[in-house]
Structure formats: C-alpha cells, structure tokens
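*Asks:* Input file: coords.cif. Contents: mmCIF, C-alpha atoms and all ligand atoms.
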```cif
data_query
#
loop_
_atom_site.label_atom_id
_atom_site.label_comp_id
_atom_site.auth_asym_id
_atom_site.auth_seq_id
_atom_site.Cartn_x
_atom_site.Cartn_y
_atom_site.Cartn_z
CA MET A 17 0.00 0.00 0.00
CA PRO A 18 1.64 3.29 -0.98
CA ASP A 19 2.04 5.58 1.99
CA ASP A 20 4.10 8.74 1.98
CA SER A 21 3.59 9.58 5.65
CA THR A 22 6.43 9.31 8.14
CA PRO A 23 6.19 6.91 11.08
CA GLU A 24 5.67 9.95 13.33
CA ASP A 25 2.52 11.15 11.64
CA ARG A 26 1.10 7.71 10.97
CA ALA A 27 -1.11 6.15 13.63
CA ALA A 28 -0.45 2.52 14.54
CA PRO A 29 -3.10 0.07 13.28
CA GLY A 30 -6.10 0.51 15.50
CA GLN A 31 -5.07 3.82 16.96
CA SER A 32 -7.35 6.71 16.15
CA GLU A 33 -5.95 9.79 14.52
CA THR A 34 -8.70 11.96 15.89
CA THR A 35 -8.68 13.57 19.30
CA GLY A 36 -11.43 13.28 21.92
CA SER A 37 -11.87 10.46 24.35
CA PRO A 38 -12.67 7.16 22.67
CA MET A 39 -15.49 4.93 23.87
CA ILE A 40 -13.19 1.92 23.96
CA GLN A 41 -9.45 2.07 24.41
CA VAL A 42 -7.54 -1.18 24.11
CA GLU A 43 -3.80 -1.11 24.72
CA GLN A 44 -1.30 -3.82 23.97
CA LEU A 45 -3.51 -6.77 24.80
CA ASP A 46 -2.03 -10.23 24.93
CA LYS A 47 -4.00 -13.34 25.73
CA VAL A 48 -2.26 -16.64 26.29
CA PHE A 49 -4.69 -19.43 27.20
CA ASP A 50 -3.80 -22.16 29.70
CA GLY A 51 -1.87 -24.63 27.63
CA GLY A 52 0.15 -21.87 26.01
CA PHE A 53 -1.92 -20.91 22.96
CA GLN A 54 -1.58 -17.20 22.23
CA ALA A 55 -4.94 -15.98 20.96
CA LEU A 56 -4.23 -12.22 21.05
CA LYS A 57 -0.92 -10.58 20.22
CA ASN A 58 -0.29 -6.99 21.21
CA VAL A 59 -3.69 -5.70 20.13
CA SER A 60 -4.25 -1.94 20.41
CA LEU A 61 -7.49 -0.38 19.24
CA GLU A 62 -9.62 2.68 19.81
CA ILE A 63 -13.34 2.77 19.08
CA GLN A 64 -14.89 6.19 18.74
CA ARG A 65 -18.26 7.20 20.12
CA GLY A 66 -21.15 6.59 17.79
CA GLU A 67 -19.32 4.54 15.20
CA ILE A 68 -20.10 1.12 13.81
CA PHE A 69 -16.92 -0.92 13.90
CA ALA A 70 -16.75 -4.32 12.23
CA LEU A 71 -14.18 -6.88 13.30
CA LEU A 72 -13.44 -9.26 10.46
CA GLY A 73 -11.36 -12.39 10.58
CA PRO A 74 -11.37 -16.04 9.59
CA ASN A 75 -12.42 -18.80 12.00
CA GLY A 76 -10.24 -18.93 15.06
CA ALA A 77 -8.60 -15.55 14.39
CA GLY A 78 -9.40 -14.23 17.86
CA LYS A 79 -12.54 -12.11 17.35
CA THR A 80 -14.55 -13.64 20.18
CA THR A 81 -11.52 -13.65 22.46
CA LEU A 82 -10.98 -9.94 21.85
CA ILE A 83 -14.63 -9.10 22.49
CA SER A 84 -14.66 -11.30 25.59
CA VAL A 85 -11.60 -9.55 26.99
CA ILE A 86 -13.08 -6.10 26.32
CA CYS A 87 -16.35 -7.13 27.97
CA GLY A 88 -14.47 -8.48 30.98
CA LEU A 89 -15.52 -12.11 30.47
CA VAL A 90 -11.97 -13.30 29.77
CA ARG A 91 -8.95 -11.94 31.63
CA ALA A 92 -6.12 -10.60 29.45
CA SER A 93 -2.59 -11.89 30.07
CA SER A 94 -1.30 -8.34 29.72
CA GLY A 95 -2.43 -4.96 28.42
CA SER A 96 -5.41 -2.84 29.37
CA VAL A 97 -8.96 -1.99 28.34
CA LYS A 98 -10.85 1.19 29.15
CA VAL A 99 -14.56 1.53 28.51
CA ASP A 100 -15.73 5.12 28.55
CA GLY A 101 -12.62 5.87 30.60
CA HIS A 102 -13.16 3.04 33.13
CA ASP A 103 -10.48 0.37 33.40
CA ASN A 104 -12.27 -2.93 32.87
CA VAL A 105 -10.36 -4.69 35.66
CA ALA A 106 -9.83 -2.03 38.36
CA ASP A 107 -13.20 -0.45 37.64
CA TYR A 108 -15.04 -3.56 36.51
CA ARG A 109 -18.59 -2.61 37.49
CA GLN A 110 -18.60 0.81 35.86
CA ALA A 111 -16.93 -0.54 32.73
CA ARG A 112 -19.33 -3.48 32.45
CA ALA A 113 -22.38 -1.26 32.99
CA MET A 114 -21.48 0.65 29.81
CA ILE A 115 -21.57 -2.52 27.73
CA GLY A 116 -24.37 -4.51 26.16
CA LEU A 117 -23.35 -7.85 24.73
CA VAL A 118 -25.50 -9.66 22.19
CA PRO A 119 -24.48 -13.32 22.05
CA GLN A 120 -25.33 -15.61 19.18
CA GLU A 121 -27.87 -17.80 20.94
CA LEU A 122 -30.61 -17.51 23.54
CA THR A 123 -29.98 -19.89 26.41
CA ASN A 124 -32.56 -21.93 28.29
CA GLU A 125 -35.24 -19.32 28.77
CA ALA A 126 -37.87 -20.87 26.56
CA PHE A 127 -40.68 -20.56 29.08
CA THR A 128 -40.00 -16.99 30.17
CA THR A 129 -41.93 -14.12 28.61
CA VAL A 130 -40.26 -11.43 26.53
CA TRP A 131 -41.05 -8.79 29.15
CA ASP A 132 -39.65 -10.84 32.04
CA THR A 133 -36.45 -11.90 30.33
CA VAL A 134 -35.63 -8.35 29.23
CA SER A 135 -36.50 -6.88 32.65
CA PHE A 136 -34.39 -9.55 34.34
CA SER A 137 -31.37 -8.57 32.25
CA ARG A 138 -31.65 -5.03 33.55
CA GLY A 139 -31.79 -6.31 37.11
CA LEU A 140 -28.52 -8.20 36.62
CA PHE A 141 -26.77 -4.85 36.44
CA GLY A 142 -28.31 -3.70 39.71
CA LYS A 143 -30.26 -1.01 37.89
CA PRO A 144 -33.56 0.08 39.45
CA LYS A 145 -36.70 -1.01 37.61
CA ASN A 146 -37.63 1.25 34.71
CA PRO A 147 -40.68 -0.10 32.89
CA ALA A 148 -40.75 2.96 30.62
CA HIS A 149 -37.25 2.14 29.33
CA ILE A 150 -38.10 -1.53 28.80
CA GLU A 151 -41.20 -0.46 26.92
CA ASN A 152 -39.14 1.89 24.71
CA VAL A 153 -36.66 -0.87 23.92
CA LEU A 154 -39.42 -3.37 23.10
CA ARG A 155 -41.24 -0.87 20.92
CA ALA A 156 -38.04 0.12 19.10
CA LEU A 157 -37.43 -3.53 18.30
CA THR A 158 -41.08 -4.14 17.37
CA LEU A 159 -41.41 -6.61 20.22
CA TRP A 160 -44.05 -4.72 22.16
CA GLU A 161 -46.96 -6.79 20.82
CA LYS A 162 -45.07 -9.93 21.84
CA ARG A 163 -44.17 -8.81 25.33
CA ASN A 164 -46.36 -11.43 27.01
CA ASN A 165 -45.32 -14.26 24.70
CA ARG A 166 -42.97 -16.95 25.90
CA LEU A 167 -39.69 -17.12 24.00
CA LEU A 168 -40.49 -20.57 22.60
CA GLU A 169 -43.46 -19.03 20.80
CA LEU A 170 -41.30 -16.56 18.86
CA SER A 171 -39.89 -16.78 15.36
CA GLY A 172 -36.11 -16.88 14.85
CA GLY A 173 -36.11 -13.20 13.94
CA MET A 174 -38.03 -12.24 17.04
CA LYS A 175 -35.64 -14.24 19.20
CA ARG A 176 -32.71 -12.33 17.72
CA ARG A 177 -34.48 -9.10 18.58
CA VAL A 178 -34.98 -10.32 22.14
CA LEU A 179 -31.22 -10.85 22.42
CA ILE A 180 -30.69 -7.23 21.44
CA ALA A 181 -33.43 -6.04 23.80
CA LYS A 182 -31.80 -7.92 26.69
CA ALA A 183 -28.45 -6.31 25.90
CA LEU A 184 -30.06 -2.84 25.84
CA ALA A 185 -32.11 -3.26 29.01
CA HIS A 186 -29.53 -1.61 31.28
CA GLU A 187 -28.99 1.37 28.93
CA PRO A 188 -25.45 0.59 27.76
CA LYS A 189 -23.49 3.08 25.67
CA VAL A 190 -21.76 0.47 23.60
CA LEU A 191 -23.22 -2.65 22.08
CA PHE A 192 -21.23 -5.71 21.04
CA LEU A 193 -22.87 -8.01 18.54
CA ASP A 194 -21.18 -11.36 18.04
CA GLU A 195 -22.06 -12.60 14.56
CA PRO A 196 -25.47 -10.90 14.65
CA THR A 197 -26.78 -12.48 11.48
CA ALA A 198 -25.04 -15.86 11.44
CA GLY A 199 -27.36 -18.37 9.85
CA VAL A 200 -30.29 -16.04 9.23
CA ASP A 201 -32.01 -15.52 5.91
CA VAL A 202 -31.38 -12.51 3.69
CA GLU A 203 -34.58 -10.72 4.66
CA LEU A 204 -33.93 -11.02 8.36
CA ARG A 205 -30.32 -9.99 7.85
CA ARG A 206 -31.46 -6.73 6.25
CA GLU A 207 -33.95 -6.22 9.05
CA MET A 208 -31.19 -6.68 11.65
CA TRP A 209 -28.98 -4.20 9.84
CA GLU A 210 -31.77 -1.67 9.99
CA VAL A 211 -32.16 -2.24 13.73
CA VAL A 212 -28.42 -1.76 14.27
CA ARG A 213 -28.43 1.45 12.23
CA GLN A 214 -31.32 2.82 14.26
CA LEU A 215 -29.43 2.09 17.47
CA ARG A 216 -26.41 3.93 16.15
CA ASP A 217 -28.64 6.85 15.22
CA GLN A 218 -29.75 6.91 18.85
CA GLY A 219 -26.11 7.31 19.89
CA VAL A 220 -25.12 3.73 20.71
CA THR A 221 -21.60 2.76 19.68
CA ILE A 222 -21.66 -0.58 17.86
CA ILE A 223 -18.99 -3.23 17.54
CA LEU A 224 -19.83 -6.31 15.57
CA THR A 225 -17.95 -9.40 14.56
CA THR A 226 -18.87 -10.99 11.32
CA HIS A 227 -17.93 -13.62 8.80
CA TYR A 228 -20.02 -11.86 6.21
CA ILE A 229 -17.93 -9.38 4.30
CA GLU A 230 -21.15 -8.02 2.87
CA GLU A 231 -22.23 -7.14 6.39
CA ALA A 232 -19.06 -5.15 7.05
CA GLU A 233 -19.30 -3.51 3.66
CA GLU A 234 -22.91 -2.54 4.25
CA MET A 235 -22.72 -1.47 7.88
CA ALA A 236 -19.30 -0.46 9.09
CA ASP A 237 -17.74 2.97 9.36
CA ARG A 238 -14.41 1.32 10.13
CA ILE A 239 -13.16 -2.19 9.71
CA GLY A 240 -10.56 -4.08 11.73
CA VAL A 241 -9.03 -7.25 10.33
CA ILE A 242 -7.72 -9.78 12.82
CA LEU A 243 -5.53 -12.69 11.69
CA ARG A 244 -4.03 -15.25 14.06
CA GLY A 245 -4.53 -12.96 17.04
CA GLU A 246 -2.98 -9.91 15.43
CA LEU A 247 -4.93 -6.85 14.45
CA VAL A 248 -3.28 -6.40 11.09
CA LEU A 249 -5.33 -3.52 9.81
CA VAL A 250 -7.81 -0.91 10.99
CA GLU A 251 -9.15 1.44 8.41
CA GLU A 252 -12.09 3.57 7.41
CA LYS A 253 -14.15 1.38 5.13
CA ALA A 254 -14.08 3.86 2.28
CA ALA A 255 -10.29 4.34 2.55
CA LEU A 256 -9.76 0.58 2.69
CA MET A 257 -11.69 0.09 -0.50
CA ARG A 258 -9.78 2.96 -2.10
CA GLN A 259 -6.31 1.89 -1.01
CA LEU A 260 -6.48 -1.84 -1.46
CA GLY A 261 -9.05 -2.11 -4.15
CA ARG A 262 -8.34 -2.96 -7.72
CA LYS A 263 -10.41 -1.82 -10.61
CA GLU A 264 -11.34 -3.64 -13.74
CA LEU A 265 -12.03 -1.93 -17.01
CA THR A 266 -14.00 -4.13 -19.37
CA LEU A 267 -13.89 -3.20 -23.03
CA HIS A 268 -16.60 -4.77 -25.18
CA LEU A 269 -15.29 -5.23 -28.69
CA ASP A 270 -16.94 -4.78 -32.04
CA HIS A 271 -15.29 -7.96 -33.36
CA ALA A 272 -14.14 -10.98 -31.39
CA LEU A 273 -10.40 -11.60 -31.03
CA ASP A 274 -8.64 -15.00 -30.95
CA GLN A 275 -5.94 -13.73 -28.63
CA VAL A 276 -4.61 -10.54 -27.10
CA PRO A 277 -2.66 -8.87 -29.94
CA ALA A 278 1.13 -8.70 -29.44
CA ALA A 279 0.95 -4.90 -29.75
CA LEU A 280 -1.03 -4.84 -26.48
CA ALA A 281 1.26 -7.18 -24.57
CA GLY A 282 2.50 -4.33 -22.35
CA HIS A 283 -0.92 -3.98 -20.70
CA ASP A 284 -2.42 -6.26 -18.06
CA LEU A 285 -5.17 -7.63 -20.30
CA ALA A 286 -7.26 -10.77 -20.39
CA LEU A 287 -9.61 -11.86 -23.14
CA THR A 288 -13.11 -12.91 -21.98
CA GLU A 289 -16.62 -13.54 -23.31
CA GLU A 290 -15.26 -15.75 -26.11
CA GLY A 291 -13.05 -12.98 -27.42
CA HIS A 292 -15.72 -10.29 -27.29
CA ALA A 293 -14.30 -8.45 -24.30
CA LEU A 294 -10.91 -7.36 -23.00
CA VAL A 295 -10.52 -6.93 -19.24
CA TYR A 296 -7.89 -4.50 -18.01
CA THR A 297 -6.99 -4.65 -14.30
CA TYR A 298 -5.27 -1.87 -12.38
CA ASP A 299 -4.59 -0.71 -8.81
CA VAL A 300 -6.99 1.93 -7.61
CA ALA A 301 -4.23 3.46 -5.45
CA ARG A 302 -2.04 4.07 -8.47
CA GLN A 303 -4.76 5.93 -10.28
CA GLU A 304 -3.18 9.30 -9.54
CA GLU A 305 0.09 8.23 -11.11
CA GLY A 306 -1.90 7.31 -14.21
CA THR A 307 -3.45 3.92 -14.70
CA GLY A 308 -2.32 3.61 -18.25
CA ILE A 309 -5.86 3.71 -19.55
CA ALA A 310 -5.02 6.52 -21.96
CA GLY A 311 -2.06 4.54 -23.32
CA LEU A 312 -4.18 1.43 -23.61
CA LEU A 313 -6.89 3.23 -25.56
CA ALA A 314 -4.28 4.76 -27.89
CA ASP A 315 -2.72 1.33 -28.51
CA LEU A 316 -6.16 -0.14 -29.19
CA GLU A 317 -6.83 2.57 -31.71
CA ALA A 318 -3.46 1.97 -33.38
CA THR A 319 -4.18 -1.75 -33.73
CA GLY A 320 -7.56 -0.95 -35.27
CA ILE A 321 -9.56 -2.66 -32.51
CA ARG A 322 -12.91 -0.97 -32.11
CA VAL A 323 -14.51 -0.70 -28.68
CA LYS A 324 -18.33 -0.81 -28.57
CA ASP A 325 -18.78 -0.15 -24.90
CA LEU A 326 -16.80 -0.08 -21.69
CA HIS A 327 -17.43 -0.21 -17.97
CA THR A 328 -15.38 -0.27 -14.76
CA ARG A 329 -15.86 -2.34 -11.64
CA GLN A 330 -14.20 -1.84 -8.27
CA SER A 331 -13.10 -4.94 -6.38
CA SER A 332 -15.34 -5.81 -3.46
CA LEU A 333 -14.31 -5.87 0.16
CA GLU A 334 -14.45 -9.65 -0.12
CA GLU A 335 -11.74 -9.68 -2.78
CA ILE A 336 -9.66 -7.24 -0.72
CA PHE A 337 -10.05 -9.41 2.36
CA VAL A 338 -9.18 -12.64 0.58
CA SER A 339 -6.03 -11.14 -0.92
CA LEU A 340 -5.04 -9.71 2.47
CA VAL A 341 -5.40 -13.10 4.14
CA ARG A 342 -3.45 -14.74 1.30
CA GLU A 343 -0.67 -12.16 1.47
CA ARG A 344 -0.15 -12.87 5.15
CA ALA A 345 -0.58 -16.64 4.99
N1 LIG B 401 -10.45 -21.32 26.44
C1 LIG B 401 -9.59 -21.51 25.47
N2 LIG B 401 -8.49 -22.26 25.65
C2 LIG B 401 -7.59 -22.46 24.68
N3 LIG B 401 -7.70 -21.94 23.43
C3 LIG B 401 -8.78 -21.20 23.17
C4 LIG B 401 -9.79 -20.94 24.17
N4 LIG B 401 -10.75 -20.15 23.60
C5 LIG B 401 -10.37 -19.93 22.33
N5 LIG B 401 -9.19 -20.56 22.07
C6 LIG B 401 -8.46 -20.53 20.80
O1 LIG B 401 -8.15 -19.18 20.48
C7 LIG B 401 -8.26 -18.97 19.07
C8 LIG B 401 -9.20 -17.80 18.82
O2 LIG B 401 -10.53 -18.20 19.12
P1 LIG B 401 -11.77 -17.21 18.95
O3 LIG B 401 -12.99 -17.92 19.42
O4 LIG B 401 -11.44 -15.91 19.56
O5 LIG B 401 -11.79 -17.03 17.38
P2 LIG B 401 -12.87 -16.31 16.45
O6 LIG B 401 -12.10 -15.38 15.58
O7 LIG B 401 -13.96 -15.75 17.26
O8 LIG B 401 -13.36 -17.53 15.57
P3 LIG B 401 -14.84 -17.92 15.05
O9 LIG B 401 -15.08 -17.00 13.92
O10 LIG B 401 -14.63 -19.33 14.62
O11 LIG B 401 -15.78 -17.76 16.20
C9 LIG B 401 -8.73 -20.28 18.48
O12 LIG B 401 -7.61 -20.96 17.97
C10 LIG B 401 -9.31 -21.02 19.66
O13 LIG B 401 -9.17 -22.41 19.48
#
```
Represent the structure contained in this file as structure tokens.
Ligand SMILES: Nc1ncnc2c1ncn2[C@@H]1O[C@H](COP(=O)(O)OP(=O)(O)OP(=O)(O)O)[C@@H](O)[C@H]1O

*Replies:*
Amino acid sequence: MPDDSTPEDRAAPGQSETTGSPMIQVEQLDKVFDGGFQALKNVSLEIQRGEIFALLGPNGAGKTTLISVICGLVRASSGSVKVDGHDNVADYRQARAMIGLVPQELTNEAFTTVWDTVSFSRGLFGKPKNPAHIENVLRALTLWEKRNNRLLELSGGMKRRVLIAKALAHEPKVLFLDEPTAGVDVELRREMWEVVRQLRDQGVTIILTTHYIEEAEEMADRIGVILRGELVLVEEKAALMRQLGRKELTLHLDHALDQVPAALAGHDLALTEEGHALVYTYDVARQEEGTGIAGLLADLEATGIRVKDLHTRQSSLEEIFVSLVRERA
C-alpha cells in the first residue's frame, strides 16, 4: 500500500488519529490461554463514540476472544482496556455497565416471557426497575406486541431481537454483537442491519464481529481485520476500498479476437466472453500516477480494434479481504 507519511505522523493500526476520548481504548492486549496458545498478540485499538466498527477475521482468528476480553468475560494476560474511561479490571462494574453484549444464541429461557427476560437482564446490572425504558426498547425492536409471549413461541427473527433487547435493558453506551446475522435468511439480515443502524442513530456505539464481508461492507464505518490474534489492519471502510481495491475496465469489442494482440502485450489484459471483451486490471491506489488507460486506448486505436462499450468495476471488500489473508498466509 503506498504511503508517503512518516512513522511519526502515521497512527499505529487501531489507533485513532482523531482527538477526543474514545469509547473503547484497548492497549497492547495479549492473551495466552492455559496450555500456552496465544490468541491475542499486542492488540491496540480505539473505538470512537457513535461509530459502527466491524471486526473481520477467519475462524479462530481471535474475534470472540478480543470481544470477551473487552467485555471483561476473559482476563487478558497483559495490556489494558478502558470503557468510557473506566479500566475494565480495576473499575469492573462501571466498565461493564457501559456494555451490552448480544451473544449468538438464547440460552434456556424458553418458558419466560419477553417482558420478564428483558427486565431480568436489567436487574442483573443492579439497575432500578424502569418499565418505561423496557417499553421503549421493546417498541423500538417491534417486540411490544409480543411482550407477554414466551420465547419458545417466537420466530427466529423475534428471538434475535430479544437478544438485542436484553443487551439494551440496562442502557449501555456500547453494544457488542457477536455474529449478529449468522445463519439467518437474507430478509432477516437486512432487518437486523436496519435495527443496528437505528441504534447507532440513537447514539449507541456498535462493535460487531462478522464472517459476512457483505455485512461489514454494508454497515461499518471502520473495519478491523484480525488474523491469528494480530490486528493487522484498521481502516475507514471507504479508505480501505480505495487503497487496497483494484479496478477492472471491461472493453466490449466490435469484433471478437482470438488472442490478445502482441501490440497490447505491455498492458495487463485478459480476453473474456469468447473474445468479445478485454478486461484491463489496475490498482486503484495508483490511479493518480496514471493507470495507463489513456495509453491502452491509444494502442487499441493503433491496432484498429474498435470498442463498442466499456465499464469499470471496483473490487469488493471480499476480494480485498481474501487477498489480504493470502498475502499474510
Ligand atoms: N479457552 C480456550 N483455551 C484455549 N484456546 C482457546 C480458548 N478459547 C479460544 N481458544 C483458541 O483461540 C483462538 C481464537 O478463538 P476465537 O474464538 O477468539 O476465534 P474467532 O475469531 O472468534 O473464531 P470464530 O469466527 O470461529 O468464532 C482459536 O484458535 C481457539 O481455538
């Protein structure tokens, strides 16, 4: 990735370049499990207030471990975590009260009603009863009509909403969603995204882990990539797509070609659509230095190849992610 900045003016991966106190401040976290496996390696990360941050990584990369350490469920081997300024070990109660955690599955509460299970979650944090808040949460998640239903009577989508309602019952400022849409259908996934966006609009900071690149692409303001316990990259989504993305220019030809003409050998070209299209691939980041498109078009003209139509396509976050993982394999 081209980068002209000096080490002094470049923030370390995960460190914010903006001022103002972050909602979450993670410094040099290591986690070595009993048995010696190191699941987190020197992870530093700042999450700003009101952002949606997506943590991406392959299976076993350390996403859940990182979230669990931040939420105080797993003790770090070294390093520190502050939540809204509260150290999550020395100041555990205050730090934990700021956090809502949405796990993947509901556990063993099939016979409890929606209202009771959500109210109970609030009680766990020692917060006084506040039926008006519970009502607001249930209404916001369109669960109000179901408040007297037992969980076993709910659809999968409703159950997911209950998980979010439970996590919001004690009025946290930051919400962690662990694989919020794993295994749900497309419609429900979109519905969940909408719910998460609404929460962010209400001022809740959101951190989600996901396997679905599409989810990060759709939702996140910033993306962190974790590989084998290391946070290898933290970037604004738009900048990530700009810096690491590649673009494809597809030229649809008037007449099919048998092969790429020798006169065009200097360009990164592939023949597709049975000779009817030429695909030119280039780095988005090098665009300013000139992508060579002008030269390519001039060479095409010189060889007498006529172009009917052309279009460009930017590589998706998925392609960026796959090449990143490959690069570091
Ligand atoms: N209690 C534990 N003891 C030993 N190793 C563990 C423990 N918990 C997790 N690990 C290991 O730490 C690594 C990271 O696990 P983690 O659950 O954080 O990954 P993940 O990125 O959340 O993966 P997935 O997407 O599959 O949930 C894995 O290799 C896992 O086997």

*Asks:* Can you work out which residues are within 9 Å of ligand LIG 401 (chain B), considering all atoms listed in the file, and then hand them over as a PyMOL selection string?

*Replies:* chain A and resi 47-56+72-84+90+194-195+225-227+242-245

*Asks:* Build an axis-aligned box that encloses every atom of stretch 190-196 of chain A listed in the file, pad it by 8 Å on each side, and report its centre and edge lengths in Å to one decimal, as AutoDock Vina command-line options.

*Replies:*
```
--center_x -23.3 --center_y -6.1 --center_z 19.1 --size_x 20.3 --size_y 29.1 --size_z 25.0
```

*Asks:* To one decimal place, how far is atom CA of A:His283 from atom CA of A:Thr319 in Å?

*Replies:*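 These two atoms are separated by 13.6 Å.
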
*Asks:* Fewer than 5 positions away in the same chain doesn't count, so skip those; otherwise give me all residues within 10 Å of A:Thr129, counting only C-alpha atoms, as number ranges by chain.

*Replies:* A: 134-135, 162-169

*Asks:* Kindly save the residues from that selection, with C-alpha atoms included, as a tab-separated table (two decimals), in the frame of the given file.

*Replies:*
```tsv
chain	number	residue	atom	x	y	z
A	134	VAL	CA	-35.63	-8.35	29.23
A	135	SER	CA	-36.50	-6.88	32.65
A	162	LYS	CA	-45.07	-9.93	21.84
A	163	ARG	CA	-44.17	-8.81	25.33
A	164	ASN	CA	-46.36	-11.43	27.01
A	165	ASN	CA	-45.32	-14.26	24.70
A	166	ARG	CA	-42.97	-16.95	25.90
A	167	LEU	CA	-39.69	-17.12	24.00
A	168	LEU	CA	-40.49	-20.57	22.60
A	169	GLU	CA	-43.46	-19.03	20.80
```

*Asks:* Considering all atoms listed in the file, return as a PyMOL selection string whatever protein or nucleic-acid residues lie within 12 Å of A:Gln275, sequence-local ones (same chain, fewer than 4 positions apart) excluded.

*Replies:* chain A and resi 271+279-281+285-294

*Asks:* Have a look at atom CA of A:Asp103 and atom CA of A:Phe69 and let me know their distance in Å, one decimal.

*Replies:* 20.6 Å

*Asks:* Using Å and a single decimal, report how far atom CA of A:Val99 sits from atom CA of A:Gln41.

*Replies:*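 Distance between the two atoms: 6.6 Å.
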